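> Have a look at this one before I ask anything.
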Amino acid sequence: MSVLNNFHIEHQYLNLPDAFYSRVQPNPLKGGRMVCFNHDLATEMGFHTDNPEDWTAVGTGQALLEGMDPVAMKYTGHQFGMYNPDLGDGRGLLLWETIGPDNRRWDWHLKGAGQTPYSRFGDGRAVLRSSIREYLCSEAMHHLGIPTTRALFLVSAKDPIRRESLETAATLLRVAESHIRFGHFEFAAHHEGKEALTTLMNHTIRLHFPHLEKLPERDRYQQWLAEVVARTARLVAQWQSVGFCHGVMNSDNMSIIGDTFDYGPYAFLDDFDAGYICNHTDQGGRYAYNRQPEIGFINCQFLARAMVSVMPEEDIHQALRTYEKAYNETFLTTMRRKIGLEVPLESDINIIMDLFSMLHEHHVDYTLFFRGLSTLPAKGAAPIRDLFVDRETADHWLARYAERLQQETRTPEARQAAMSRVNPKYILRNYLAQQVIQDAQTGQYDSLHRLLKVLEKPFDEQPENEDYAKLPPDWGKHLNISCSS
Ligand code: AMP
Ligand code: MG
């Protein structure tokens, strides 16, 4: 039985002008099976279900709950730097919005629900492989403390889906405080005009930036844009610090509230490689790991350009200037925490940048290095030295680091405890995702559930799960993750 009486249902998005959406009914899939249901998230959202199978029919699009009024959202955006006016939800539907007991808002978005007016040449479907990847990574990000959309449930179906080969269909019920993207504003500005744009801005501010709502108009818009820019900068800084490559940072994949949004060919770095390109089809490396900070800014510029008819140019420039400061502050603060520096020194940036150069030059596993640094007092230098072919390089850096630690006042034990809360032991390596996908494709989901459990506590030692924290096997490095999903 599902108890749904603890949340409140709304359709605020439908108050926007008609051009922002199309009403579409899901096109049902056959033979649905509930693969994962996120009970903890359901509790956060204000409901509970004893029997997740009750939700299978919603997942396959066979049934809607009373009050659901599905729409495909219209947006546009820049893909790989080129403006595309024909975007929009091509395979996902916003079912309704709910407000939980803590007053938090949730958009419910069913991804893979069938074609919409914005599907272009697509079939409106999502495959099991990519739905599992999105479920895993959005939950992993959440537990790492990085803003993200979440996954409420995943349903597989019997319908065959044609990609490079025949695959299994699935749907993912994605939830987020908002599904409004930078691309919504580009659509409004470039196709609908000033009135639609200000309506969208005021809608977004009222629902998601309520602390700005009462400001006079000029301040309200200026501070709002500055805050969106700052959130974007902080998000990308967090990605960089954990070694996350998004892979498709198009402006239609940028959330207006600063969530990690749209999981495609993403990757967490194994061996550190500053220029790593996780998206097989991104031949120019536009979205390589070390370009993400700049691309985040370029996306903010696309958003800013959409504002020229409603904001003075100087306000737009001022808002854009917050990017660099917010990025640098977050990045430096996070990296200081990662290497256990509590007393800030001007020179810290040097030791941090030299560290990145060393990790890059020696292809050192990013996650294991920082975890090894966290446990130096307890486990000694061996876990770090073992990551280097040339151990002298490691020793040299460690000696410099030990010298820097002389300036610190915390005990080594306190430092170790603090560092272990910011340097994950467990991350979603691509090969781990690949293994559970292979199992899922033969109908075995135990390994998926086990991996999800491990990723719920990325900072805990979990001695029983050491295997998940190992270096990837050779076959598991640099897997080609296809963009088709
Ligand atoms: P993405 O690369 O997932 O961000 O998608 C870019 C655009 O293509 C969005 O407008 C999607 O809705 C649309 N799209 C992606 N895959 C499909 C599909 N299989 N069917 C229809 N539209 C799709
Ligand atoms: Mg997208």
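Here's how to read the names in the structure tokens: chain A, B, ... by the order shown, residue numbers from 1 in each chain, ligand numbers from 1 in the order shown.
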For segment 217-280 of chain A versus segment 189-208 of chain A, which residues have an atom no more than 8 Å away, and what is each residue's nearest atom pair and distance in Å rounded to one decimal, using only C-alpha atoms, chain-then-number order, as a Markdown table?

| residue | atom | partner | partner_atom | distance |
| --- | --- | --- | --- | --- |
| A:Tyr221 | CA | A:Met201 | CA | 7.9 |
| A:Trp224 | CA | A:Ile205 | CA | 7.3 |
| A:Ile257 | CA | A:His208 | CA | 7.2 |
> Those residues you just picked out, can you put them in a file as a CSV table (one decimal), in the first residue's frame with all heavy atoms?

chain,number,residue,atom,x,y,z
A,221,TYR,N,16.6,40.9,-10.4
A,221,TYR,CA,17.1,40.2,-11.6
A,221,TYR,C,18.6,40.1,-11.5
A,221,TYR,O,19.2,39.1,-11.8
A,221,TYR,CB,16.7,40.9,-12.9
A,221,TYR,CG,15.2,40.8,-13.2
A,221,TYR,CD1,14.6,41.6,-14.1
A,221,TYR,CD2,14.4,39.8,-12.5
A,221,TYR,CE1,13.2,41.5,-14.3
A,221,TYR,CE2,13.1,39.7,-12.8
A,221,TYR,CZ,12.5,40.6,-13.7
A,221,TYR,OH,11.1,40.5,-13.9
A,224,TRP,N,19.6,37.6,-8.8
A,224,TRP,CA,19.2,36.3,-9.2
A,224,TRP,C,20.3,35.7,-10.2
A,224,TRP,O,20.8,34.6,-10.0
A,224,TRP,CB,17.8,36.3,-9.8
A,224,TRP,CG,17.5,35.0,-10.5
A,224,TRP,CD1,17.3,33.8,-9.9
A,224,TRP,CD2,17.5,34.8,-12.0
A,224,TRP,NE1,17.1,32.8,-10.9
A,224,TRP,CE2,17.2,33.4,-12.1
A,224,TRP,CE3,17.6,35.6,-13.1
A,224,TRP,CZ2,17.1,32.8,-13.4
A,224,TRP,CZ3,17.5,35.0,-14.3
A,224,TRP,CH2,17.2,33.7,-14.5
A,257,ILE,N,18.9,25.8,-11.0
A,257,ILE,CA,19.2,25.9,-9.6
A,257,ILE,C,20.5,25.3,-9.2
A,257,ILE,O,20.9,25.2,-8.0
A,257,ILE,CB,18.1,25.2,-8.8
A,257,ILE,CG1,18.0,23.7,-9.2
A,257,ILE,CG2,16.7,25.9,-8.9
A,257,ILE,CD1,17.1,22.8,-8.3
> Residues contacting ligand 1 - anything with an atom at most 10 Å away, using only C-alpha atoms and all ligand atoms - can you give me those as an MDAnalysis selection string?
chainID A and resid 72:77 79 84:93 111:127 161:163 247:254 261:265 483:485
> Pick out the closest residue to ligand 2 from this set: A:Val436, A:Ile132, A:Cys36, A:Ile180. Count only C-alpha atoms and all ligand atoms.
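Distance minimum relative to ligand 2 lands on A:Ile180.
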> What separation in Å, quoted to one decimal, exists between atom CA of Gln12 of chain A and atom CA of Ala151 of chain A?
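Those two atoms sit 21.4 Å apart.
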> Counting only C-alpha atoms and all ligand atoms, which of A:Lys30, A:His246, A:Arg104, A:Arg220 gets nearest to ligand 2?
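Distance minimum relative to ligand 2 lands on A:His246.
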> Would you give me, as a ChimeraX atom specification, the residues in segment 195-403 of chain A that DSSP reads as alpha helix (DSSP H)?
/A:195-208,217-242,292-305,313-338,348-361,366-374,376-379,382-385,391-403
> Considering only C-alpha atoms, return as a list in words whatever protein or nucleic-acid residues lie within 6 Å of segment 341-347 of chain A, sequence-local ones (same chain, fewer than 4 positions apart) excluded.
Arg336, Arg337 and Glu408 of chain A
> Output the selection as an mmCIF file, in the first residue's frame - all heavy atoms for each residue.

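To be explicit, this is the file written out as out38.cif:
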data_model
loop_
_atom_site.group_PDB
_atom_site.id
_atom_site.type_symbol
_atom_site.label_atom_id
_atom_site.label_comp_id
_atom_site.auth_asym_id
_atom_site.auth_seq_id
_atom_site.Cartn_x
_atom_site.Cartn_y
_atom_site.Cartn_z
ATOM 1 N N ARG A 336 41.839 22.548 -0.109
ATOM 2 C CA ARG A 336 42.506 22.642 1.199
ATOM 3 C C ARG A 336 41.968 21.572 2.139
ATOM 4 O O ARG A 336 42.723 20.905 2.837
ATOM 5 C CB ARG A 336 42.250 24.023 1.825
ATOM 6 C CG ARG A 336 43.223 25.078 1.411
ATOM 7 C CD ARG A 336 43.287 26.159 2.507
ATOM 8 N NE ARG A 336 44.249 27.171 2.141
ATOM 9 C CZ ARG A 336 43.915 28.382 1.655
ATOM 10 N NH1 ARG A 336 42.655 28.716 1.502
ATOM 11 N NH2 ARG A 336 44.864 29.236 1.343
ATOM 12 N N ARG A 337 40.646 21.438 2.140
ATOM 13 C CA ARG A 337 40.050 20.398 3.004
ATOM 14 C C ARG A 337 40.545 19.024 2.591
ATOM 15 O O ARG A 337 40.818 18.167 3.416
ATOM 16 C CB ARG A 337 38.531 20.416 2.896
ATOM 17 C CG ARG A 337 37.914 21.492 3.711
ATOM 18 C CD ARG A 337 36.423 21.218 3.932
ATOM 19 N NE ARG A 337 35.800 22.470 4.290
ATOM 20 C CZ ARG A 337 34.800 23.039 3.624
ATOM 21 N NH1 ARG A 337 34.255 22.425 2.592
ATOM 22 N NH2 ARG A 337 34.325 24.191 4.006
ATOM 23 N N GLU A 408 50.301 23.503 10.756
ATOM 24 C CA GLU A 408 48.932 23.187 11.187
ATOM 25 C C GLU A 408 48.881 22.987 12.691
ATOM 26 O O GLU A 408 49.883 22.631 13.319
ATOM 27 C CB GLU A 408 48.453 21.916 10.479
ATOM 28 C CG GLU A 408 48.249 22.085 8.988
ATOM 29 C CD GLU A 408 47.061 22.969 8.649
ATOM 30 O OE1 GLU A 408 45.977 22.735 9.194
ATOM 31 O OE2 GLU A 408 47.236 23.907 7.851
#
